[in-house]
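Visitor: Structure file entry-v6.pdb (PDB, C-alpha atoms and all ligand atoms) right here:
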MODEL        1
ATOM      1  CA  MET A   1      18.555 -49.882 -48.085
ATOM      2  CA  LYS A   2      15.560 -50.308 -45.817
ATOM      3  CA  ALA A   3      12.441 -48.803 -47.332
ATOM      4  CA  SER A   4      10.640 -46.341 -45.150
ATOM      5  CA  SER A   5       7.068 -45.509 -46.051
ATOM      6  CA  ASN A   6       6.764 -42.312 -44.127
ATOM      7  CA  THR A   7       9.670 -40.183 -45.237
ATOM      8  CA  LEU A   8      10.083 -37.375 -47.705
ATOM      9  CA  SER A   9      11.690 -38.115 -51.030
ATOM     10  CA  LYS A  10      14.893 -36.620 -52.354
ATOM     11  CA  VAL A  11      13.538 -33.957 -54.668
ATOM     12  CA  LEU A  12      10.453 -31.974 -53.669
ATOM     13  CA  PHE A  13       8.247 -29.617 -55.662
ATOM     14  CA  ILE A  14       5.898 -27.064 -54.141
ATOM     15  CA  SER A  15       4.343 -23.814 -55.314
ATOM     16  CA  ASP A  16       1.787 -21.130 -54.538
ATOM     17  CA  LEU A  17       2.284 -20.934 -50.796
ATOM     18  CA  HIS A  18       1.354 -17.252 -50.911
ATOM     19  CA  LEU A  19       3.039 -16.639 -47.560
ATOM     20  CA  ASP A  20       1.513 -13.606 -45.933
ATOM     21  CA  PRO A  21       2.170 -12.128 -42.483
ATOM     22  CA  LYS A  22      -1.611 -11.924 -42.092
ATOM     23  CA  ARG A  23      -2.038 -15.703 -42.553
ATOM     24  CA  SER A  24      -0.452 -17.365 -39.554
ATOM     25  CA  ASP A  25      -1.944 -20.787 -40.367
ATOM     26  CA  ILE A  26      -0.043 -21.031 -43.661
ATOM     27  CA  GLN A  27       3.075 -19.684 -41.983
ATOM     28  CA  SER A  28       2.946 -22.402 -39.349
ATOM     29  CA  TYR A  29       2.483 -25.117 -42.015
ATOM     30  CA  PHE A  30       5.491 -23.710 -43.834
ATOM     31  CA  ASP A  31       7.538 -23.724 -40.622
ATOM     32  CA  GLN A  32       6.503 -27.312 -39.969
ATOM     33  CA  PHE A  33       7.395 -28.312 -43.519
ATOM     34  CA  ILE A  34      10.860 -26.744 -43.350
ATOM     35  CA  ASN A  35      11.512 -28.225 -39.914
ATOM     36  CA  THR A  36      10.500 -31.664 -41.207
ATOM     37  CA  CYS A  37      12.993 -31.340 -44.065
ATOM     38  CA  ILE A  38      15.755 -30.187 -41.728
ATOM     39  CA  HIS A  39      14.978 -33.063 -39.387
ATOM     40  CA  ASP A  40      15.148 -35.530 -42.286
ATOM     41  CA  ASN A  41      18.471 -34.110 -43.410
ATOM     42  CA  ALA A  42      19.893 -35.106 -40.054
ATOM     43  CA  GLN A  43      18.855 -38.760 -40.574
ATOM     44  CA  PRO A  44      21.015 -41.208 -42.539
ATOM     45  CA  GLN A  45      19.579 -41.896 -46.035
ATOM     46  CA  LYS A  46      16.645 -39.569 -45.507
ATOM     47  CA  ASN A  47      18.134 -36.349 -46.772
ATOM     48  CA  ILE A  48      16.207 -33.997 -49.025
ATOM     49  CA  GLN A  49      18.506 -33.424 -51.969
ATOM     50  CA  ALA A  50      16.628 -30.497 -53.480
ATOM     51  CA  LEU A  51      13.542 -28.373 -52.973
ATOM     52  CA  TYR A  52      12.006 -26.575 -55.952
ATOM     53  CA  ILE A  53       9.554 -23.769 -55.185
ATOM     54  CA  LEU A  54       7.776 -23.009 -58.457
ATOM     55  CA  GLY A  55       6.572 -19.476 -57.879
ATOM     56  CA  ASP A  56       4.292 -17.467 -55.621
ATOM     57  CA  LEU A  57       6.159 -18.431 -52.484
ATOM     58  CA  PHE A  58       5.152 -14.981 -51.259
ATOM     59  CA  GLU A  59       1.794 -13.254 -51.593
ATOM     60  CA  VAL A  60       3.469 -10.065 -52.716
ATOM     61  CA  TRP A  61       7.047  -8.913 -53.311
ATOM     62  CA  MET A  62       7.713  -5.198 -53.688
ATOM     63  CA  GLY A  63      11.454  -5.526 -54.225
ATOM     64  CA  ASP A  64      14.168  -7.026 -52.021
ATOM     65  CA  ASP A  65      14.655  -3.841 -50.000
ATOM     66  CA  ALA A  66      10.951  -3.608 -49.193
ATOM     67  CA  SER A  67      10.051  -7.269 -48.724
ATOM     68  CA  ILE A  68      13.054  -9.012 -47.145
ATOM     69  CA  PRO A  69      12.328  -7.386 -43.744
ATOM     70  CA  ILE A  70       8.648  -8.400 -43.961
ATOM     71  CA  TYR A  71       9.477 -12.029 -44.739
ATOM     72  CA  GLN A  72      12.681 -12.288 -42.690
ATOM     73  CA  HIS A  73      11.380 -15.222 -40.645
ATOM     74  CA  SER A  74      10.635 -17.379 -43.710
ATOM     75  CA  ILE A  75      13.904 -16.379 -45.381
ATOM     76  CA  THR A  76      15.825 -17.442 -42.273
ATOM     77  CA  GLN A  77      13.959 -20.782 -42.354
ATOM     78  CA  LEU A  78      14.975 -21.302 -46.001
ATOM     79  CA  LYS A  79      18.584 -20.465 -45.198
ATOM     80  CA  GLN A  80      18.584 -23.010 -42.378
ATOM     81  CA  LEU A  81      17.229 -25.608 -44.784
ATOM     82  CA  VAL A  82      20.060 -24.873 -47.220
ATOM     83  CA  ASN A  83      22.580 -25.030 -44.377
ATOM     84  CA  SER A  84      21.212 -28.462 -43.441
ATOM     85  CA  GLY A  85      22.131 -29.797 -46.904
ATOM     86  CA  THR A  86      19.212 -29.200 -49.282
ATOM     87  CA  GLU A  87      19.739 -27.405 -52.578
ATOM     88  CA  LEU A  88      17.056 -24.728 -52.902
ATOM     89  CA  TYR A  89      15.743 -23.584 -56.281
ATOM     90  CA  ILE A  90      13.155 -20.821 -56.473
ATOM     91  CA  MET A  91      11.229 -19.638 -59.516
ATOM     92  CA  ARG A  92       9.492 -16.296 -59.590
ATOM     93  CA  GLY A  93       5.697 -16.355 -59.807
ATOM     94  CA  ASN A  94       3.255 -13.660 -60.820
ATOM     95  CA  ARG A  95       3.122 -12.462 -57.187
ATOM     96  CA  ASP A  96       6.818 -12.446 -56.366
ATOM     97  CA  PHE A  97       8.393 -11.796 -59.770
ATOM     98  CA  LEU A  98      10.536  -8.992 -58.300
ATOM     99  CA  MET A  99      12.619 -11.322 -56.135
ATOM    100  CA  GLY A 100      16.244 -10.458 -56.780
ATOM    101  CA  ALA A 101      19.867 -11.115 -55.917
ATOM    102  CA  ASP A 102      19.625  -9.877 -52.314
ATOM    103  CA  PHE A 103      16.781 -12.322 -51.662
ATOM    104  CA  ALA A 104      18.776 -15.148 -53.241
ATOM    105  CA  ARG A 105      21.777 -14.340 -51.053
ATOM    106  CA  ALA A 106      19.712 -14.065 -47.866
ATOM    107  CA  SER A 107      17.794 -17.321 -48.439
ATOM    108  CA  GLY A 108      20.589 -19.372 -49.981
ATOM    109  CA  ALA A 109      18.337 -20.035 -52.991
ATOM    110  CA  THR A 110      19.275 -20.249 -56.631
ATOM    111  CA  LEU A 111      16.716 -18.268 -58.658
ATOM    112  CA  ILE A 112      15.762 -20.234 -61.763
ATOM    113  CA  ALA A 113      14.258 -19.157 -65.084
ATOM    114  CA  ASP A 114      10.709 -19.942 -66.194
ATOM    115  CA  PRO A 115      10.429 -22.425 -67.894
ATOM    116  CA  TYR A 116      13.305 -24.484 -66.485
ATOM    117  CA  PRO A 117      14.229 -27.967 -67.728
ATOM    118  CA  ILE A 118      15.797 -30.416 -65.287
ATOM    119  CA  THR A 119      16.820 -34.065 -65.425
ATOM    120  CA  LEU A 120      15.321 -36.352 -62.827
ATOM    121  CA  THR A 121      16.317 -39.951 -62.264
ATOM    122  CA  ILE A 122      13.057 -41.864 -61.970
ATOM    123  CA  GLU A 123      13.174 -45.629 -61.519
ATOM    124  CA  HIS A 124      16.858 -45.578 -62.523
ATOM    125  CA  GLN A 125      16.072 -43.775 -65.782
ATOM    126  CA  LYS A 126      16.957 -40.211 -66.581
ATOM    127  CA  GLN A 127      13.948 -38.185 -67.595
ATOM    128  CA  ALA A 128      13.697 -34.608 -68.852
ATOM    129  CA  VAL A 129      11.179 -32.666 -66.782
ATOM    130  CA  LEU A 130      10.080 -29.114 -67.471
ATOM    131  CA  LEU A 131       9.305 -26.835 -64.528
ATOM    132  CA  SER A 132       7.243 -23.676 -64.737
ATOM    133  CA  HIS A 133       5.155 -21.414 -62.551
ATOM    134  CA  GLY A 134       2.421 -21.925 -65.136
ATOM    135  CA  ASP A 135       1.162 -18.481 -66.049
ATOM    136  CA  ILE A 136       3.116 -18.544 -69.338
ATOM    137  CA  PHE A 137       0.653 -21.206 -70.553
ATOM    138  CA  CYS A 138      -2.453 -19.103 -69.824
ATOM    139  CA  THR A 139      -2.449 -17.505 -73.255
ATOM    140  CA  ASP A 140      -6.255 -17.443 -73.513
ATOM    141  CA  ASP A 141      -6.159 -14.495 -71.119
ATOM    142  CA  GLN A 142      -4.737 -11.777 -73.336
ATOM    143  CA  PRO A 143      -5.079  -8.907 -70.799
ATOM    144  CA  TYR A 144      -3.058 -10.964 -68.326
ATOM    145  CA  MET A 145      -0.387 -11.800 -70.922
ATOM    146  CA  ASP A 146      -0.114  -8.078 -71.767
ATOM    147  CA  PHE A 147       0.259  -7.261 -68.080
ATOM    148  CA  ARG A 148       2.882  -9.985 -67.701
ATOM    149  CA  ARG A 149       4.896  -8.690 -70.631
ATOM    150  CA  LEU A 150       4.894  -5.198 -69.107
ATOM    151  CA  VAL A 151       5.968  -6.137 -65.579
ATOM    152  CA  ARG A 152       8.575  -8.661 -66.728
ATOM    153  CA  ASP A 153      10.291  -6.034 -68.857
ATOM    154  CA  PRO A 154      13.715  -5.343 -67.290
ATOM    155  CA  LEU A 155      13.431  -1.593 -67.911
ATOM    156  CA  TRP A 156       9.979  -1.412 -66.282
ATOM    157  CA  GLN A 157      11.324  -3.355 -63.292
ATOM    158  CA  GLN A 158      14.370  -1.147 -62.988
ATOM    159  CA  GLN A 159      12.221   1.998 -62.993
ATOM    160  CA  PHE A 160       9.684   0.495 -60.580
ATOM    161  CA  LEU A 161      12.349  -0.608 -58.104
ATOM    162  CA  ALA A 162      13.952   2.841 -58.202
ATOM    163  CA  LYS A 163      10.786   4.415 -56.784
ATOM    164  CA  PRO A 164      10.227   4.874 -53.043
ATOM    165  CA  ILE A 165       8.558   1.886 -51.365
ATOM    166  CA  THR A 166       5.337   3.790 -50.596
ATOM    167  CA  GLU A 167       5.001   4.729 -54.251
ATOM    168  CA  ARG A 168       5.564   1.114 -55.346
ATOM    169  CA  ILE A 169       2.796  -0.050 -52.991
ATOM    170  CA  ALA A 170       0.438   2.581 -54.418
ATOM    171  CA  ILE A 171       1.214   1.566 -58.010
ATOM    172  CA  ALA A 172       0.641  -2.106 -57.214
ATOM    173  CA  ARG A 173      -2.676  -1.297 -55.554
ATOM    174  CA  ALA A 174      -3.799   0.759 -58.553
ATOM    175  CA  MET A 175      -2.842  -2.085 -60.901
ATOM    176  CA  ARG A 176      -4.841  -4.545 -58.851
ATOM    177  CA  GLU A 177      -7.897  -2.289 -58.827
ATOM    178  CA  ASN A 178      -7.547  -1.776 -62.556
ATOM    179  CA  SER A 179      -7.423  -5.511 -63.127
ATOM    180  CA  ILE A 180     -10.603  -6.016 -61.079
ATOM    181  CA  LYS A 181     -12.358  -3.550 -63.363
ATOM    182  CA  SER A 182     -11.127  -5.268 -66.503
ATOM    183  CA  GLN A 183     -11.968  -8.746 -65.133
ATOM    184  CA  SER A 184      -8.430  -9.880 -65.772
ATOM    185  CA  ALA A 185      -7.207 -13.159 -64.327
ATOM    186  CA  ILE A 186      -4.860 -11.652 -61.783
ATOM    187  CA  THR A 187      -7.698 -10.475 -59.538
ATOM    188  CA  THR A 188      -8.745 -13.425 -57.415
ATOM    189  CA  ASP A 189      -7.664 -17.035 -57.349
ATOM    190  CA  THR A 190     -11.020 -18.365 -58.527
ATOM    191  CA  GLU A 191     -10.686 -16.265 -61.649
ATOM    192  CA  ILE A 192      -7.276 -17.526 -62.708
ATOM    193  CA  SER A 193      -7.404 -18.734 -66.286
ATOM    194  CA  ASP A 194      -6.483 -22.317 -67.004
ATOM    195  CA  VAL A 195      -3.651 -23.283 -69.328
ATOM    196  CA  ASN A 196      -3.886 -23.422 -73.100
ATOM    197  CA  GLN A 197      -3.016 -26.952 -74.226
ATOM    198  CA  ASP A 198      -1.500 -25.905 -77.565
ATOM    199  CA  THR A 199       0.776 -23.399 -75.828
ATOM    200  CA  LEU A 200       2.085 -25.874 -73.287
ATOM    201  CA  GLU A 201       2.595 -28.635 -75.864
ATOM    202  CA  HIS A 202       4.606 -26.225 -77.999
ATOM    203  CA  ILE A 203       6.811 -25.254 -75.046
ATOM    204  CA  MET A 204       7.236 -28.884 -73.907
ATOM    205  CA  LEU A 205       8.297 -29.899 -77.417
ATOM    206  CA  THR A 206      10.737 -27.004 -77.597
ATOM    207  CA  HIS A 207      12.406 -28.309 -74.433
ATOM    208  CA  GLN A 208      11.961 -31.983 -75.375
ATOM    209  CA  CYS A 209      10.239 -32.809 -72.101
ATOM    210  CA  GLN A 210       7.394 -35.314 -71.731
ATOM    211  CA  THR A 211       6.696 -34.276 -68.142
ATOM    212  CA  LEU A 212       5.683 -30.803 -67.007
ATOM    213  CA  ILE A 213       5.276 -29.657 -63.400
ATOM    214  CA  HIS A 214       3.651 -26.300 -62.694
ATOM    215  CA  GLY A 215       1.464 -24.390 -60.252
ATOM    216  CA  HIS A 216      -0.358 -21.069 -60.572
ATOM    217  CA  THR A 217      -3.790 -22.295 -61.686
ATOM    218  CA  HIS A 218      -4.664 -23.738 -58.257
ATOM    219  CA  ARG A 219      -6.193 -26.749 -60.015
ATOM    220  CA  PRO A 220      -4.126 -29.672 -58.678
ATOM    221  CA  ALA A 221      -4.282 -32.716 -60.937
ATOM    222  CA  VAL A 222      -2.296 -35.058 -63.153
ATOM    223  CA  HIS A 223      -3.184 -34.765 -66.829
ATOM    224  CA  GLN A 224      -2.109 -37.532 -69.186
ATOM    225  CA  PHE A 225      -1.907 -36.948 -72.924
ATOM    226  CA  TYR A 226       0.074 -37.809 -76.020
ATOM    227  CA  LEU A 227       2.873 -35.586 -77.202
ATOM    228  CA  HIS A 228       4.577 -36.623 -80.436
ATOM    229  CA  ASN A 229       2.908 -40.025 -80.079
ATOM    230  CA  LYS A 230       4.485 -40.599 -76.693
ATOM    231  CA  ASN A 231       2.949 -40.538 -73.224
ATOM    232  CA  ALA A 232       3.188 -37.146 -71.606
ATOM    233  CA  GLN A 233       1.982 -35.779 -68.308
ATOM    234  CA  ARG A 234       1.259 -32.452 -66.720
ATOM    235  CA  ILE A 235       1.421 -32.349 -62.939
ATOM    236  CA  VAL A 236      -0.341 -29.357 -61.422
ATOM    237  CA  LEU A 237       0.689 -28.434 -57.889
ATOM    238  CA  SER A 238      -1.856 -27.074 -55.472
ATOM    239  CA  ASP A 239      -1.761 -23.834 -53.589
ATOM    240  CA  TRP A 240      -1.279 -23.996 -49.825
ATOM    241  CA  TYR A 241      -4.354 -22.274 -48.513
ATOM    242  CA  SER A 242      -7.378 -23.514 -50.419
ATOM    243  CA  ASN A 243      -6.202 -26.982 -51.413
ATOM    244  CA  LYS A 244      -4.270 -27.973 -48.334
ATOM    245  CA  LYS A 245      -0.602 -27.833 -48.975
ATOM    246  CA  ASN A 246       0.136 -30.649 -51.365
ATOM    247  CA  LEU A 247       3.639 -31.348 -52.463
ATOM    248  CA  TRP A 248       5.134 -33.595 -55.102
ATOM    249  CA  SER A 249       8.270 -35.622 -54.917
ATOM    250  CA  ASP A 250      10.249 -37.378 -57.605
ATOM    251  CA  ASP A 251       8.987 -40.688 -56.188
ATOM    252  CA  GLU A 252       5.416 -39.646 -56.724
ATOM    253  CA  ILE A 253       5.902 -38.791 -60.353
ATOM    254  CA  THR A 254       6.021 -42.513 -60.941
ATOM    255  CA  LYS A 255       3.404 -43.383 -58.378
ATOM    256  CA  LYS A 256       0.944 -40.827 -59.756
ATOM    257  CA  PHE A 257      -0.520 -39.605 -56.545
ATOM    258  CA  VAL A 258      -0.489 -36.486 -54.522
ATOM    259  CA  GLN A 259       0.947 -36.716 -51.075
ATOM    260  CA  LYS A 260      -0.792 -34.603 -48.523
ATOM    261  CA  PHE A 261       1.573 -32.553 -46.460
ATOM    262  CA  ASP A 262      -0.764 -33.345 -43.553
ATOM    263  CA  SER A 263       0.452 -36.939 -43.700
ATOM    264  CA  LEU A 264       4.098 -36.079 -43.143
ATOM    265  CA  PRO A 265       5.738 -37.263 -39.945
ATOM    266  CA  ASN A 266       5.978 -34.745 -37.108
TER
HETATM  267 MN    MN B 301       0.565 -17.548 -59.703
ENDMDL
END
So, in terms of structure tokens, how does the structure I just supplied come out?
Ligand SMILES: [Mn+2]
Guide:
Amino acid sequence: MKASSNTLSKVLFISDLHLDPKRSDIQSYFDQFINTCIHDNAQPQKNIQALYILGDLFEVWMGDDASIPIYQHSITQLKQLVNSGTELYIMRGNRDFLMGADFARASGATLIADPYPITLTIEHQKQAVLLSHGDIFCTDDQPYMDFRRLVRDPLWQQQFLAKPITERIAIARAMRENSIKSQSAITTDTEISDVNQDTLEHIMLTHQCQTLIHGHTHRPAVHQFYLHNKNAQRIVLSDWYSNKKNLWSDDEITKKFVQKFDSLPN
């Protein structure tokens, strides 16, 4: 097979796009990204096998009934990507944790749990890789972890989603204002806590994965460390508005570099 230096790889990982109708620049990057994938799927040997979106695809999600109409354009884009041959896996983040079955149906995505172990074939070797949004590792921020436990409770979600949309928006606004007062990490992106190393090592060991890919902290990097006396790595994806839309592919996990979306072919 002829090697091509300027094509996307087979499995892609992105997170923290924070798509927002008010941010047309990010929307147009997203459109360009999806169109590039669809274009590649039409080329022999250039198809994108899978796209993993590891949380915070959307800036806010107030329930499928409220938010699908707002994000219909992006959802249609995702569906077209799936129709062109890419498997789409989406994890809920701390912004869009209320994405549900109607969203999955409309976008063609499979919603995946957090954390989520997968097997990637890297340099002809199968490797266990753990995927996460990343906020589960931020255990130094106890107020945030308390908040997370509350809003991820199925009963709380059921009751929240049963309320009228206007009431849900008001509750979310009040929660945000409350969190600003308490200086919790969910306020602004610069205040997001970083991960706790002990927590993530424990979770990686539980899943027997030496590689972890996550987003959320908006601190893109590759961290190398030892886990059970073996090399381990933690790949942190960037967000799409302050750090310029980086993505990771399964190729790059071996190459250890971040590919700028800006460098993708038009
Ligand atoms: Mn997040």
Visitor: Measuring atom to atom with only C-alpha atoms, identify which of A:Gln27, A:Thr139, A:Thr110, A:Ser67 is nearest to Gln197 (chain A).
Guide: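 Looking only at the distances to Gln197 (chain A), the closest residue turns out to be A:Thr139.
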Visitor: Which residue out of A:Ser238, A:Ser74, A:Asn47, A:Gln224 has the minimum interatomic distance to ligand MN 301 (chain B) when all atoms listed in the file are used?
Guide: A:Ser238
Visitor: Would you kindly translate the PyMOL selection byres (((chain A and resi 203-212) around 6) and not hetatm) into the concrete residues it picks from this file, as an MDAnalysis selection string?
Guide: chainID A and resid 128:131 200:202 213 232:234
Visitor: What does the distance between CA of Gly134 (chain A) and CA of His218 (chain A) come to in Å, to one decimal place?
Guide: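 So the two atoms, CA of Gly134 (chain A) and CA of His218 (chain A), lie 10.0 Å apart.
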Visitor: So that each row is one residue of chain A with an atom at most 8 Å from ligand MN 301 (chain B), can you give its shortest atom pair and the distance in Å to one decimal, using all atoms listed in the file, rows by chain and rising number, as CSV?
Guide:
residue,atom,partner,partner_atom,distance
A:Asp16,CA,B:MN301,MN,6.4
A:Gly55,CA,B:MN301,MN,6.6
A:Asp56,CA,B:MN301,MN,5.5
A:Gly93,CA,B:MN301,MN,5.3
A:Asn94,CA,B:MN301,MN,4.9
A:Arg95,CA,B:MN301,MN,6.2
A:His133,CA,B:MN301,MN,6.6
A:Gly134,CA,B:MN301,MN,7.2
A:Asp135,CA,B:MN301,MN,6.4
A:Gly215,CA,B:MN301,MN,6.9
A:His216,CA,B:MN301,MN,3.7
A:Thr217,CA,B:MN301,MN,6.7
Visitor: I'd like to know which of A:Val82, A:Leu237, A:Asp65, A:Phe58 is closest to Ser132 (chain A), using only C-alpha atoms.
Guide: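 Counting only C-alpha atoms, the residue closest to Ser132 (chain A) is A:Leu237.
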Visitor: Taking the file as shown, find all residues satisfying the PyMOL selection byres (((chain A and resi 85) around 9) and not hetatm) and write them as a list in words.
Guide: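 Matching residues under the PyMOL selection byres (((chain A and resi 85) around 9) and not hetatm) are Ile38, Asn41, Ala42, Asn47, Ile48, Gln49, Ala50, Gln80, Leu81, Val82, Asn83, Ser84, Thr86 and Glu87 of chain A.
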Visitor: Quick one, how far is CA of Gln159 (chain A) from CA of Gly100 (chain A)?
Guide: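 So the two atoms, CA of Gln159 (chain A) and CA of Gly100 (chain A), lie 14.5 Å apart.
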Visitor: Between CA of Met99 (chain A) and CA of Ile68 (chain A), what distance in Å does the model show, to one decimal?
Guide: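 CA of Met99 (chain A) sits 9.3 Å away from CA of Ile68 (chain A).
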Visitor: When you count all atoms listed in the file, which of these residues is closest to Leu51 (chain A): A:Tyr71, A:Phe97, A:Tyr29, A:Trp248?
Guide: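 Ranked by minimum distance to Leu51 (chain A), first place goes to A:Trp248.
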Visitor: Measuring between only C-alpha atoms, which one of A:Leu57, A:Cys37, A:Ile90, A:Ile235 shows the shortest distance to His214 (chain A)?
Guide: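 Using only C-alpha atoms, His214 (chain A) sits closest to A:Ile235.
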Visitor: Can you pull out the residues contacting region 161-169 of chain A? Cut-off 10 Å, using all atoms listed in the file, and skip same-chain residues under 6 positions away; I want them as number ranges by chain.
Guide: A: 61-67, 98, 155, 175
